[in-house]
file my_file_16.txt (compact mmCIF, C-alpha atoms)
# COMPACT_ATOMS: atom_id res chain seq x y z
CA MET Q 75 -7.43 108.04 -135.40
CA ASP Q 76 -3.94 107.74 -133.98
CA THR Q 77 -3.22 108.46 -130.37
CA GLN Q 78 -1.29 111.64 -131.12
CA SER Q 79 -4.36 113.10 -132.84
CA LEU Q 80 -6.53 112.15 -129.89
CA ILE Q 81 -4.13 113.86 -127.51
CA ARG Q 82 -4.28 117.00 -129.65
CA ALA Q 83 -8.05 117.05 -129.47
CA LEU Q 84 -8.11 116.39 -125.74
CA SER Q 85 -5.57 119.11 -124.98
CA GLN Q 86 -7.56 121.63 -127.00
CA ASP Q 87 -10.45 120.73 -124.72
CA ALA Q 88 -8.36 121.39 -121.59
CA ALA Q 89 -10.24 124.51 -120.62
CA ALA Q 90 -13.66 122.86 -120.57
CA GLY Q 91 -15.52 123.35 -117.32
CA ARG Q 92 -14.78 120.86 -114.61
CA ALA Q 93 -17.15 119.72 -111.94
CA ARG Q 94 -16.08 120.31 -108.35
CA LEU Q 95 -16.52 116.81 -107.05
CA ASP Q 96 -16.49 117.43 -103.31
CA ARG Q 97 -19.18 120.05 -103.62
CA ARG Q 98 -21.38 117.84 -105.78
CA LEU Q 99 -20.99 114.96 -103.35
CA ALA Q 100 -21.81 117.19 -100.40
CA LEU Q 101 -24.89 118.52 -102.16
CA GLY Q 102 -25.97 114.99 -103.07
CA PHE Q 103 -25.60 113.84 -99.50
CA ALA Q 104 -27.53 116.78 -98.13
CA LEU Q 105 -30.29 116.18 -100.65
CA ALA Q 106 -30.41 112.49 -99.73
CA ALA Q 107 -30.73 113.30 -96.03
CA GLY Q 108 -33.41 115.89 -96.75
CA LEU Q 109 -35.44 113.45 -98.83
CA ALA Q 110 -35.21 110.82 -96.12
CA ALA Q 111 -36.48 113.38 -93.61
CA ILE Q 112 -39.39 114.41 -95.83
CA VAL Q 113 -40.52 110.87 -96.65
CA TRP Q 114 -40.25 109.89 -92.99
CA PHE Q 115 -42.22 112.92 -91.87
CA VAL Q 116 -44.98 112.40 -94.44
CA LEU Q 117 -45.33 108.64 -93.94
CA LEU Q 118 -44.58 108.19 -90.24
CA GLY Q 119 -43.53 111.14 -88.11
CA PRO Q 120 -42.01 110.86 -84.62
CA ARG Q 121 -43.47 108.59 -81.97
CA PRO Q 122 -45.82 110.40 -79.58
CA ASP Q 123 -43.78 109.74 -76.45
CA ILE Q 124 -40.46 110.82 -77.94
CA ALA Q 125 -39.62 113.18 -75.07
CA GLU Q 126 -39.90 110.44 -72.44
CA ALA Q 127 -38.14 107.97 -74.69
CA ALA Q 128 -35.19 110.31 -75.02
CA ALA Q 129 -34.60 109.98 -71.30
CA THR Q 130 -34.17 106.21 -71.51
CA LEU Q 131 -30.98 104.38 -72.42
CA ARG Q 132 -32.19 102.21 -75.26
CA PHE Q 133 -33.85 104.85 -77.43
CA PRO Q 134 -30.79 107.15 -77.77
CA PHE Q 135 -28.58 104.13 -78.28
CA LYS Q 136 -30.41 103.37 -81.54
CA PHE Q 137 -29.16 106.69 -82.87
CA VAL Q 138 -25.62 106.04 -81.74
CA VAL Q 139 -25.66 102.92 -83.92
CA THR Q 140 -27.45 104.37 -86.96
CA LEU Q 141 -25.41 107.58 -86.96
CA ALA Q 142 -22.19 105.59 -86.73
CA LEU Q 143 -23.38 103.78 -89.85
CA VAL Q 144 -24.30 107.02 -91.62
CA GLY Q 145 -20.92 108.59 -90.88
CA SER Q 146 -18.79 105.62 -91.83
CA ALA Q 147 -20.83 104.80 -94.94
CA ALA Q 148 -20.62 108.43 -96.08
CA LEU Q 149 -16.83 108.36 -95.78
CA ALA Q 150 -16.60 105.11 -97.73
CA TRP Q 151 -18.99 106.52 -100.32
CA ARG Q 152 -16.82 109.59 -100.74
CA ALA Q 153 -13.58 107.60 -100.95
CA VAL Q 154 -14.89 105.30 -103.65
CA ALA Q 155 -15.66 108.25 -105.94
CA ARG Q 156 -11.99 108.91 -106.67
CA PRO Q 157 -9.81 106.40 -108.52
CA GLY Q 158 -6.66 105.40 -106.68
CA THR Q 159 -7.97 106.53 -103.29
CA PRO Q 160 -7.65 103.65 -100.84
CA VAL Q 161 -11.05 102.47 -99.69
CA ALA Q 162 -9.84 100.14 -96.94
CA PRO Q 163 -9.51 102.73 -94.11
CA ALA Q 164 -13.04 103.99 -94.67
CA ALA Q 165 -14.33 100.44 -95.08
CA ALA Q 166 -12.74 99.49 -91.75
CA LEU Q 167 -14.69 102.27 -90.06
CA LEU Q 168 -17.86 100.59 -91.31
CA LEU Q 169 -17.27 98.04 -88.54
CA ALA Q 170 -18.06 100.71 -85.94
CA ALA Q 171 -21.85 100.39 -86.16
CA PRO Q 172 -21.92 96.55 -85.98
CA VAL Q 173 -19.45 96.54 -83.09
CA LEU Q 174 -21.49 99.10 -81.14
CA LEU Q 175 -24.64 97.16 -81.82
CA ALA Q 176 -23.06 93.88 -80.74
CA ALA Q 177 -22.03 95.53 -77.48
CA GLY Q 178 -25.60 96.72 -77.04
CA VAL Q 179 -26.92 93.23 -77.67
CA VAL Q 180 -24.59 91.76 -75.05
CA ALA Q 181 -25.67 94.38 -72.52
CA GLU Q 182 -29.31 93.65 -73.33
CA LEU Q 183 -28.79 89.92 -72.81
CA PHE Q 184 -27.49 90.67 -69.32
CA ALA Q 185 -30.29 93.10 -68.55
CA VAL Q 186 -33.25 91.06 -69.76
CA PRO Q 187 -34.24 87.67 -68.30
CA GLU Q 188 -34.15 84.78 -70.72
CA GLY Q 189 -37.91 84.38 -70.94
CA ALA Q 190 -38.46 87.95 -72.12
CA ARG Q 191 -35.73 88.08 -74.73
CA MET Q 192 -37.68 86.57 -77.58
CA ALA Q 193 -40.53 89.04 -77.09
CA ARG Q 194 -38.05 91.93 -77.30
CA LEU Q 195 -36.46 90.51 -80.42
CA ILE Q 196 -39.77 90.02 -82.20
CA GLY Q 197 -41.07 93.37 -80.98
CA THR Q 198 -44.32 94.77 -82.29
CA ASN Q 199 -43.15 96.60 -85.37
CA SER Q 200 -41.01 94.25 -87.42
CA ALA Q 201 -43.21 94.38 -90.51
CA VAL Q 202 -43.37 98.18 -90.32
CA CYS Q 203 -39.61 98.31 -89.94
CA LEU Q 204 -39.00 96.07 -92.95
CA THR Q 205 -41.42 98.12 -95.02
CA PHE Q 206 -40.52 101.65 -94.07
CA ILE Q 207 -36.74 101.60 -93.81
CA PRO Q 208 -36.43 100.55 -97.48
CA LEU Q 209 -39.24 102.96 -98.39
CA ILE Q 210 -37.59 105.92 -96.66
CA GLY Q 211 -34.21 104.93 -98.09
CA ALA Q 212 -35.20 104.43 -101.72
CA LEU Q 213 -35.02 108.05 -102.88
CA PRO Q 214 -31.83 108.80 -100.93
CA LEU Q 215 -30.29 105.71 -102.52
CA ALA Q 216 -31.12 107.00 -105.99
CA VAL Q 217 -29.71 110.45 -105.16
CA LEU Q 218 -26.49 109.04 -103.70
CA ILE Q 219 -25.96 106.89 -106.80
CA ALA Q 220 -26.66 109.83 -109.10
CA ALA Q 221 -24.18 112.00 -107.16
CA LEU Q 222 -21.54 109.30 -107.41
CA ARG Q 223 -21.85 109.31 -111.19
CA ASN Q 224 -19.99 112.63 -111.05
CA GLY Q 225 -17.06 110.70 -109.67
CA ALA Q 226 -15.27 107.75 -111.21
CA PRO Q 227 -15.84 104.64 -109.10
CA THR Q 228 -13.58 101.88 -110.37
CA ARG Q 229 -15.58 99.27 -108.44
CA PRO Q 230 -19.20 99.98 -109.39
CA THR Q 231 -20.79 97.16 -107.39
CA LEU Q 232 -18.95 98.05 -104.20
CA ALA Q 233 -19.67 101.74 -104.77
CA GLY Q 234 -23.37 100.94 -105.16
CA ALA Q 235 -23.31 98.92 -101.95
CA PHE Q 236 -21.86 101.93 -100.11
CA CYS Q 237 -24.69 104.05 -101.49
CA GLY Q 238 -27.13 101.46 -100.11
CA LEU Q 239 -25.45 101.42 -96.70
CA ALA Q 240 -25.48 105.20 -96.44
CA ALA Q 241 -29.11 105.38 -97.58
CA GLY Q 242 -29.97 102.58 -95.15
CA GLY Q 243 -28.25 104.43 -92.32
CA LEU Q 244 -30.16 107.63 -93.08
CA ALA Q 245 -33.46 105.79 -93.35
CA ALA Q 246 -32.83 103.85 -90.14
CA THR Q 247 -31.95 107.04 -88.26
CA PHE Q 248 -35.29 108.61 -89.10
CA TYR Q 249 -37.22 105.40 -88.72
CA ALA Q 250 -35.72 104.93 -85.25
CA ALA Q 251 -37.42 108.15 -84.15
CA HIS Q 252 -40.76 106.58 -85.03
CA CYS Q 253 -40.35 103.02 -83.83
CA ILE Q 254 -41.27 102.04 -80.25
CA ASP Q 255 -39.14 98.90 -80.27
CA ASP Q 256 -35.94 100.11 -78.67
CA SER Q 257 -34.26 96.84 -77.71
CA PRO Q 258 -30.86 96.27 -79.35
CA LEU Q 259 -32.14 92.75 -80.05
CA PHE Q 260 -34.86 94.18 -82.27
CA VAL Q 261 -32.46 96.59 -83.94
CA ALA Q 262 -29.87 93.90 -84.57
CA VAL Q 263 -32.35 91.67 -86.38
CA TRP Q 264 -34.80 93.86 -88.23
CA TYR Q 265 -32.79 96.99 -88.94
CA THR Q 266 -30.00 94.80 -90.26
CA ILE Q 267 -32.32 92.99 -92.65
CA ALA Q 268 -33.89 96.25 -93.85
CA ILE Q 269 -30.53 97.98 -94.38
CA GLY Q 270 -29.26 94.82 -96.05
CA MET Q 271 -32.09 95.06 -98.59
CA LEU Q 272 -31.07 98.62 -99.46
CA THR Q 273 -27.41 97.61 -99.66
CA LEU Q 274 -28.21 94.76 -102.02
CA ALA Q 275 -30.37 97.03 -104.16
CA GLY Q 276 -27.55 99.59 -104.22
CA ALA Q 277 -24.98 97.00 -105.25
CA LEU Q 278 -27.16 95.74 -108.10
CA ALA Q 279 -27.97 99.27 -109.27
CA GLY Q 280 -24.33 100.32 -108.98
CA ARG Q 281 -23.26 97.43 -111.14
CA LEU Q 282 -25.59 98.69 -113.83
CA VAL Q 283 -25.40 102.48 -113.69
CA LEU Q 284 -22.07 103.37 -112.06
CA ARG Q 285 -19.98 102.22 -115.01
CA TRP Q 286 -18.21 104.88 -117.01
CA MET U 51 2.18 118.87 -114.89
CA LEU U 52 -1.45 117.90 -114.54
CA ARG U 53 -1.87 120.74 -112.08
CA ALA U 54 -0.74 123.24 -114.73
CA ALA U 55 -2.92 121.50 -117.29
CA LEU U 56 -5.97 121.74 -115.08
CA SER U 57 -5.55 125.48 -114.90
CA GLY U 58 -5.84 125.56 -118.68
CA ASP U 59 -2.26 125.18 -119.96
CA GLU U 60 -2.81 123.23 -123.18
CA GLN U 61 0.83 122.41 -123.87
CA ALA U 62 1.39 121.06 -120.38
CA TYR U 63 -1.76 119.01 -120.77
CA ALA U 64 -0.67 117.56 -124.12
CA ALA U 65 2.72 116.64 -122.64
CA PHE U 66 1.02 115.08 -119.64
CA LEU U 67 -1.30 113.02 -121.85
CA ALA U 68 1.60 111.87 -124.01
CA ARG U 69 3.41 110.59 -120.94
CA VAL U 70 0.28 108.90 -119.67
CA ALA U 71 -0.14 107.26 -123.08
CA ALA U 72 3.40 105.87 -122.95
CA LEU U 73 2.91 104.65 -119.40
CA VAL U 74 -0.41 102.98 -120.11
CA ARG U 75 0.90 101.46 -123.34
CA GLY U 76 3.73 99.79 -121.46
CA VAL U 77 1.56 98.48 -118.65
CA THR U 78 -1.13 97.25 -121.02
CA ARG U 79 1.33 95.43 -123.21
CA ARG U 80 2.74 93.61 -120.23
CA ASN U 81 -0.62 92.69 -118.68
CA ALA U 82 -3.14 92.33 -121.43
CA GLY U 83 -1.86 89.25 -123.22
CA SER U 84 -2.75 88.63 -126.81
CA GLY U 85 -5.99 89.61 -128.43
CA VAL U 86 -6.27 93.10 -126.98
CA GLU U 87 -5.74 96.12 -129.13
CA VAL U 88 -3.27 97.90 -126.90
CA GLU U 89 -3.77 101.23 -128.60
CA ASP U 90 -7.53 101.04 -128.12
CA VAL U 91 -7.02 100.63 -124.38
CA VAL U 92 -4.56 103.53 -124.40
CA GLN U 93 -7.01 105.80 -126.19
CA GLU U 94 -9.90 104.76 -124.04
CA THR U 95 -7.85 105.47 -120.92
CA LEU U 96 -6.89 108.90 -122.24
CA LEU U 97 -10.53 109.75 -122.86
CA ALA U 98 -11.48 108.55 -119.40
CA ILE U 99 -8.68 110.54 -117.77
CA HIS U 100 -9.76 113.60 -119.68
CA LEU U 101 -13.42 113.38 -118.74
CA LYS U 102 -12.75 112.35 -115.15
CA ARG U 103 -9.81 114.66 -114.45
CA HIS U 104 -11.81 116.45 -111.78
CA THR U 105 -11.68 113.28 -109.68
CA TRP U 106 -7.97 113.78 -109.09
CA ARG U 107 -7.32 115.57 -105.82
CA THR U 108 -4.71 118.22 -106.64
CA ASP U 109 -2.67 117.39 -103.55
CA ALA U 110 -2.66 113.62 -104.15
CA PRO U 111 0.02 111.64 -106.02
CA VAL U 112 -1.04 111.31 -109.63
CA ARG U 113 0.27 107.84 -110.47
CA PRO U 114 -2.11 105.77 -108.33
CA TRP U 115 -4.95 107.74 -109.85
CA ILE U 116 -3.75 107.09 -113.41
CA PHE U 117 -3.15 103.40 -112.72
CA ALA U 118 -6.56 102.93 -111.14
CA ILE U 119 -8.24 104.40 -114.23
CA ALA U 120 -6.01 102.47 -116.62
CA ARG U 121 -6.71 99.19 -114.86
CA TYR U 122 -10.43 99.88 -114.82
CA LYS U 123 -10.41 100.57 -118.55
CA LEU U 124 -8.29 97.52 -119.31
CA VAL U 125 -10.61 95.23 -117.36
CA ASP U 126 -13.54 96.91 -119.05
CA SER U 127 -12.18 96.27 -122.51
CA LEU U 128 -11.30 92.66 -121.67
CA ARG U 129 -14.84 92.18 -120.45
CA ARG U 130 -16.32 93.68 -123.59
CA ARG U 131 -14.01 91.55 -125.64
CA GLY U 132 -15.18 88.49 -123.77
CA ARG U 133 -18.74 89.31 -124.66
CA ARG U 134 -17.87 89.87 -128.26
CA VAL U 135 -16.21 86.47 -128.43
CA GLU U 136 -19.36 84.86 -127.07
CA VAL U 137 -21.39 86.55 -129.76
CA ASP U 138 -18.96 85.31 -132.36
CA ILE U 139 -19.31 81.72 -131.18
CA ALA U 140 -23.09 81.95 -131.23
CA ASP U 141 -22.93 83.36 -134.70
CA TYR U 142 -20.22 81.22 -136.15
CA ALA U 143 -21.22 81.43 -139.79
CA GLU U 144 -20.86 85.17 -139.80
CA THR U 145 -17.44 84.95 -138.22
CA LEU U 146 -16.30 82.65 -140.98
CA ALA U 147 -17.71 84.97 -143.56
CA GLU U 148 -15.54 87.86 -142.43
CA PRO U 149 -12.44 86.44 -140.85
CA VAL U 150 -10.24 89.50 -141.33
CA GLU U 151 -12.56 91.90 -139.53
CA ASP U 152 -10.45 91.92 -136.40
CA ALA U 153 -7.05 92.45 -137.92
CA ALA U 154 -8.19 95.18 -140.27
CA SER U 155 -10.55 96.95 -137.91
CA PRO U 156 -9.98 100.67 -137.53
CA ARG U 157 -9.34 102.02 -134.08
CA GLU U 158 -12.45 101.97 -131.98
CA VAL U 159 -12.27 105.71 -131.47
CA GLU U 160 -12.44 106.08 -135.22
CA ARG U 161 -15.65 104.11 -135.28
CA ALA U 162 -17.12 106.16 -132.46
CA LEU U 163 -16.13 109.32 -134.31
CA GLU U 164 -18.14 108.23 -137.31
CA GLN U 165 -21.24 107.92 -135.13
CA LEU U 166 -21.15 111.57 -134.08
CA PRO U 167 -23.50 114.18 -135.49
CA PRO U 168 -21.80 115.91 -138.44
CA GLY U 169 -21.15 119.22 -136.66
CA GLN U 170 -19.25 117.58 -133.81
CA ARG U 171 -17.56 115.10 -136.10
CA ARG U 172 -15.98 117.71 -138.33
CA VAL U 173 -14.75 119.75 -135.37
CA VAL U 174 -13.29 116.73 -133.56
CA SER U 175 -11.56 115.43 -136.66
CA ALA U 176 -10.28 118.89 -137.66
CA VAL U 177 -8.71 119.40 -134.24
CA SER U 178 -7.41 115.86 -133.86
CA VAL U 179 -6.47 114.42 -137.25
CA GLU U 180 -5.76 117.69 -139.04
CA GLY U 181 -4.26 119.30 -135.96
CA LEU U 182 -6.00 122.66 -136.17
CA SER U 183 -6.19 124.90 -133.12
CA ILE U 184 -9.54 126.04 -131.79
CA GLY U 185 -9.10 129.39 -133.52
CA GLU U 186 -8.17 127.84 -136.88
CA ALA U 187 -11.09 125.45 -136.72
CA ALA U 188 -13.42 128.32 -135.92
CA ALA U 189 -12.16 130.27 -138.92
CA ALA U 190 -12.37 127.24 -141.22
CA PHE U 191 -15.97 126.47 -140.32
CA GLY U 192 -17.15 130.04 -139.84
CA MET U 193 -18.12 129.33 -136.23
CA ASN U 194 -17.17 131.31 -133.16
CA GLU U 195 -14.57 129.82 -130.81
CA THR U 196 -17.00 129.06 -128.06
CA ALA U 197 -19.15 126.99 -130.41
CA VAL U 198 -16.06 125.09 -131.54
CA ARG U 199 -15.08 124.41 -127.94
CA VAL U 200 -18.56 123.21 -127.09
CA ALA U 201 -18.75 120.96 -130.15
CA LEU U 202 -15.32 119.53 -129.37
CA HIS U 203 -16.18 118.87 -125.75
CA ARG U 204 -19.54 117.29 -126.56
CA GLY U 205 -18.00 115.20 -129.31
CA LEU U 206 -15.25 113.88 -127.04
CA SER U 207 -17.71 113.15 -124.26
CA ALA U 208 -19.97 111.28 -126.67
CA ILE U 209 -17.05 109.23 -127.95
CA ALA U 210 -16.10 108.25 -124.41
CA ARG U 211 -19.70 107.43 -123.49
CA GLY U 212 -20.46 105.50 -126.64
CA ARG U 213 -17.60 103.12 -126.04
CA ARG U 214 -18.65 101.84 -122.66
call {"tool": "encode", "arguments": {"input": "my_file_16.txt", "output": "structure tokens"}}
result
Amino acid sequence: MDTQSLIRALSQDAAAGRARLDRRLALGFALAAGLAAIVWFVLLGPRPDIAEAAATLRFPFKFVVTLALVGSAALAWRAVARPGTPVAPAAALLLAAPVLLAAGVVAELFAVPEGARMARLIGTNSAVCLTFIPLIGALPLAVLIAALRNGAPTRPTLAGAFCGLAAGGLAATFYAAHCIDDSPLFVAVWYTIAIGMLTLAGALAGRLVLRW
Amino acid sequence: MLRAALSGDEQAYAAFLARVAALVRGVTRRNAGSGVEVEDVVQETLLAIHLKRHTWRTDAPVRPWIFAIARYKLVDSLRRRGRRVEVDIADYAETLAEPVEDAASPREVERALEQLPPGQRRVVSAVSVEGLSIGEAAAAFGMNETAVRVALHRGLSAIARGRR
């Protein structure tokens, strides 16, 4: 078939229904967040002393960090759906969560005497954290990848990694409401590993299924 | 031009695609080196642009969008070509047996067209190769126009998908 013939066929198909990408992405994101909430509620639920915890400094700070990740990862995820849209500005915003967390870690190092630091870092929940953040994030990850298939990511692996980061951020946000380890030291180690697992899984999956 | 095309203006869309084809042809020729069927890349890019045209933001410049898709499709076809070469090396005897396969191969879209179910195939080839309009194709096959449109759209989508 010569190219002119192909163009004829394509132009005859001009009226075919077109997906509204922004709406599909928004729906996908809402669904991902909802699934994370449901899985969290069924498997874990909030910690019993959540009202008192909310009055402390460390507990709310966990949400500052995880929500910064959710927001920046969602923007990067949306940018990567459209070819030719620069990803760098959104990717730069991804530094927000790590920078905030690093500041928290420094503050914690000043606040906690040296002997007690290791206990805070190890915490009591690390195995639970490493199990449940990926578990809560798995379905949202799948939904975010599926939503992105409506777009046209020209860098499938990177796009998949953004899906993993966003899913990890959502999962960590809910998980943080369950976990009693509030020290930034704990968050910096275990949350990072757990979100990293989701990011890696997203990158591998993206490489496979986000091609078009 | 794409804006008009997206609101259903077929002539504007055809003109837009023709200009994209020329643009992509030029860029591909300069960047691809030998061994790439330039026209295959052009056609693949056109299909991709068609099926992903909703990913263009109507207030954004159109060229970066086109180039991003064209580059993605060029890299994709180089990658597939790389794999095919590996297969050929592993299966050297067969390569020797049919040395002209590459030079004489029909366009890849042609091959994908042949894989379609008969209903879609005849609609796609009537509209493309024979140049019928939707209405003429509908009359020729005794189908209604909506069915022709659906068959055309499904056929084109399948061609684009099958060539990943």
call {"tool": "residues_around", "arguments": {"input": "my_file_16.txt", "residues": "Arg53 in chain U", "least_positions_apart": "3", "cutoff": "12 Å", "atoms": "only C-alpha atoms", "output": "list in words"}}
result
Ala88 of chain Q; Leu56, Ser57, Gly58, Asp59, Glu60, Ala62, Tyr63, Phe66, Arg103, His104, Trp106, Arg107, Thr108, Asp109, Ala110, Pro111 and Val112 of chain U
call {"tool": "closest_residue", "arguments": {"input": "my_file_16.txt", "among": "Q:Val138, Q:Ala129, Q:Ile81, Q:Leu282", "to": "chain U", "atoms": "all atoms listed in the file"}}
result
Q:Ile81
call {"tool": "closest_atom_pairs", "arguments": {"input": "my_file_16.txt", "of": "chain U", "to": "chain Q", "cutoff": "6 Å", "atoms": "all atoms listed in the file", "output": "tab-separated table"}}
result
residue	atom	partner	partner_atom	distance
U:Gly58	CA	Q:Ala89	CA	4.9
U:Glu60	CA	Q:Ser85	CA	5.3
U:Tyr63	CA	Q:Ser85	CA	5.7
U:Ala64	CA	Q:Ser85	CA	5.2
U:Thr105	CA	Q:Arg156	CA	5.3
U:Pro114	CA	Q:Gly158	CA	4.9
U:Trp115	CA	Q:Gly158	CA	4.3
U:Ala118	CA	Q:Gly158	CA	5.1
U:Tyr122	CA	Q:Thr228	CA	5.8
U:Glu160	CA	Q:Met75	CA	5.4
U:Val177	CA	Q:Ala83	CA	5.4
U:Ser178	CA	Q:Ser79	CA	4.2
U:Val179	CA	Q:Ser79	CA	5.1
call {"tool": "atom_distance", "arguments": {"input": "my_file_16.txt", "atom1": "CA of Phe135 in chain Q", "atom2": "CA of Leu218 in chain Q"}}
result
26.0 Å
call {"tool": "closest_residue", "arguments": {"input": "my_file_16.txt", "among": "U:Gln93, U:Arg80, U:Phe191, U:Arg129", "to": "Leu67 in chain U", "atoms": "only C-alpha atoms"}}
result
U:Gln93
call {"tool": "atom_distance", "arguments": {"input": "my_file_16.txt", "atom1": "CA of Gly280 in chain Q", "atom2": "CA of Ile112 in chain Q"}}
result
24.5 Å
call {"tool": "atom_distance", "arguments": {"input": "my_file_16.txt", "atom1": "CA of Gly270 in chain Q", "atom2": "CA of Leu143 in chain Q"}}
result
12.4 Å
call {"tool": "axis_aligned_box", "arguments": {"input": "my_file_16.txt", "around": "range 99-112 of chain Q", "padding_each_side": "6 Å", "output": "lines of an AutoDock Vina configuration file"}}
result
center_x = -30.2
center_y = 114.7
center_z = -98.5
size_x = 30.4
size_y = 19.7
size_z = 21.7
call {"tool": "residues_around", "arguments": {"input": "my_file_16.txt", "residues": "Ala210 in chain U", "least_positions_apart": "3", "cutoff": "12 Å", "atoms": "only C-alpha atoms", "output": "VMD selection string"}}
result
(chain Q and resid 80 84 285 to 286) or (chain U and resid 90 to 91 93 to 102 123 158 to 163 165 to 166 203 to 207 213 to 214)
call {"tool": "residues_around", "arguments": {"input": "my_file_16.txt", "residues": "Ala268 in chain Q", "least_positions_apart": "5", "cutoff": "9 Å", "atoms": "only C-alpha atoms", "output": "JSON list (two decimals) with C-alpha atoms, in the coordinates of the input"}}
result
[["chain", "number", "residue", "atom", "x", "y", "z"],
["Q", 203, "CYS", "CA", -39.61, 98.31, -89.94],
["Q", 204, "LEU", "CA", -39.00, 96.07, -92.95],
["Q", 205, "THR", "CA", -41.42, 98.12, -95.02],
["Q", 206, "PHE", "CA", -40.52, 101.65, -94.07],
["Q", 207, "ILE", "CA", -36.74, 101.60, -93.81],
["Q", 208, "PRO", "CA", -36.43, 100.55, -97.48],
["Q", 242, "GLY", "CA", -29.97, 102.58, -95.15],
["Q", 246, "ALA", "CA", -32.83, 103.85, -90.14],
["Q", 263, "VAL", "CA", -32.35, 91.67, -86.38],
["Q", 273, "THR", "CA", -27.41, 97.61, -99.66]]
call {"tool": "closest_residue", "arguments": {"input": "my_file_16.txt", "among": "Q:Ala166, Q:Val217, Q:Ala275, Q:Leu259", "to": "Val186 in chain Q", "atoms": "only C-alpha atoms"}}
result
Q:Leu259
call {"tool": "residues_around", "arguments": {"input": "my_file_16.txt", "residues": "Asp255 in chain Q", "least_positions_apart": "4", "cutoff": "7 Å", "atoms": "all atoms listed in the file", "output": "VMD selection string"}}
result
chain Q and resid 197 to 199 260
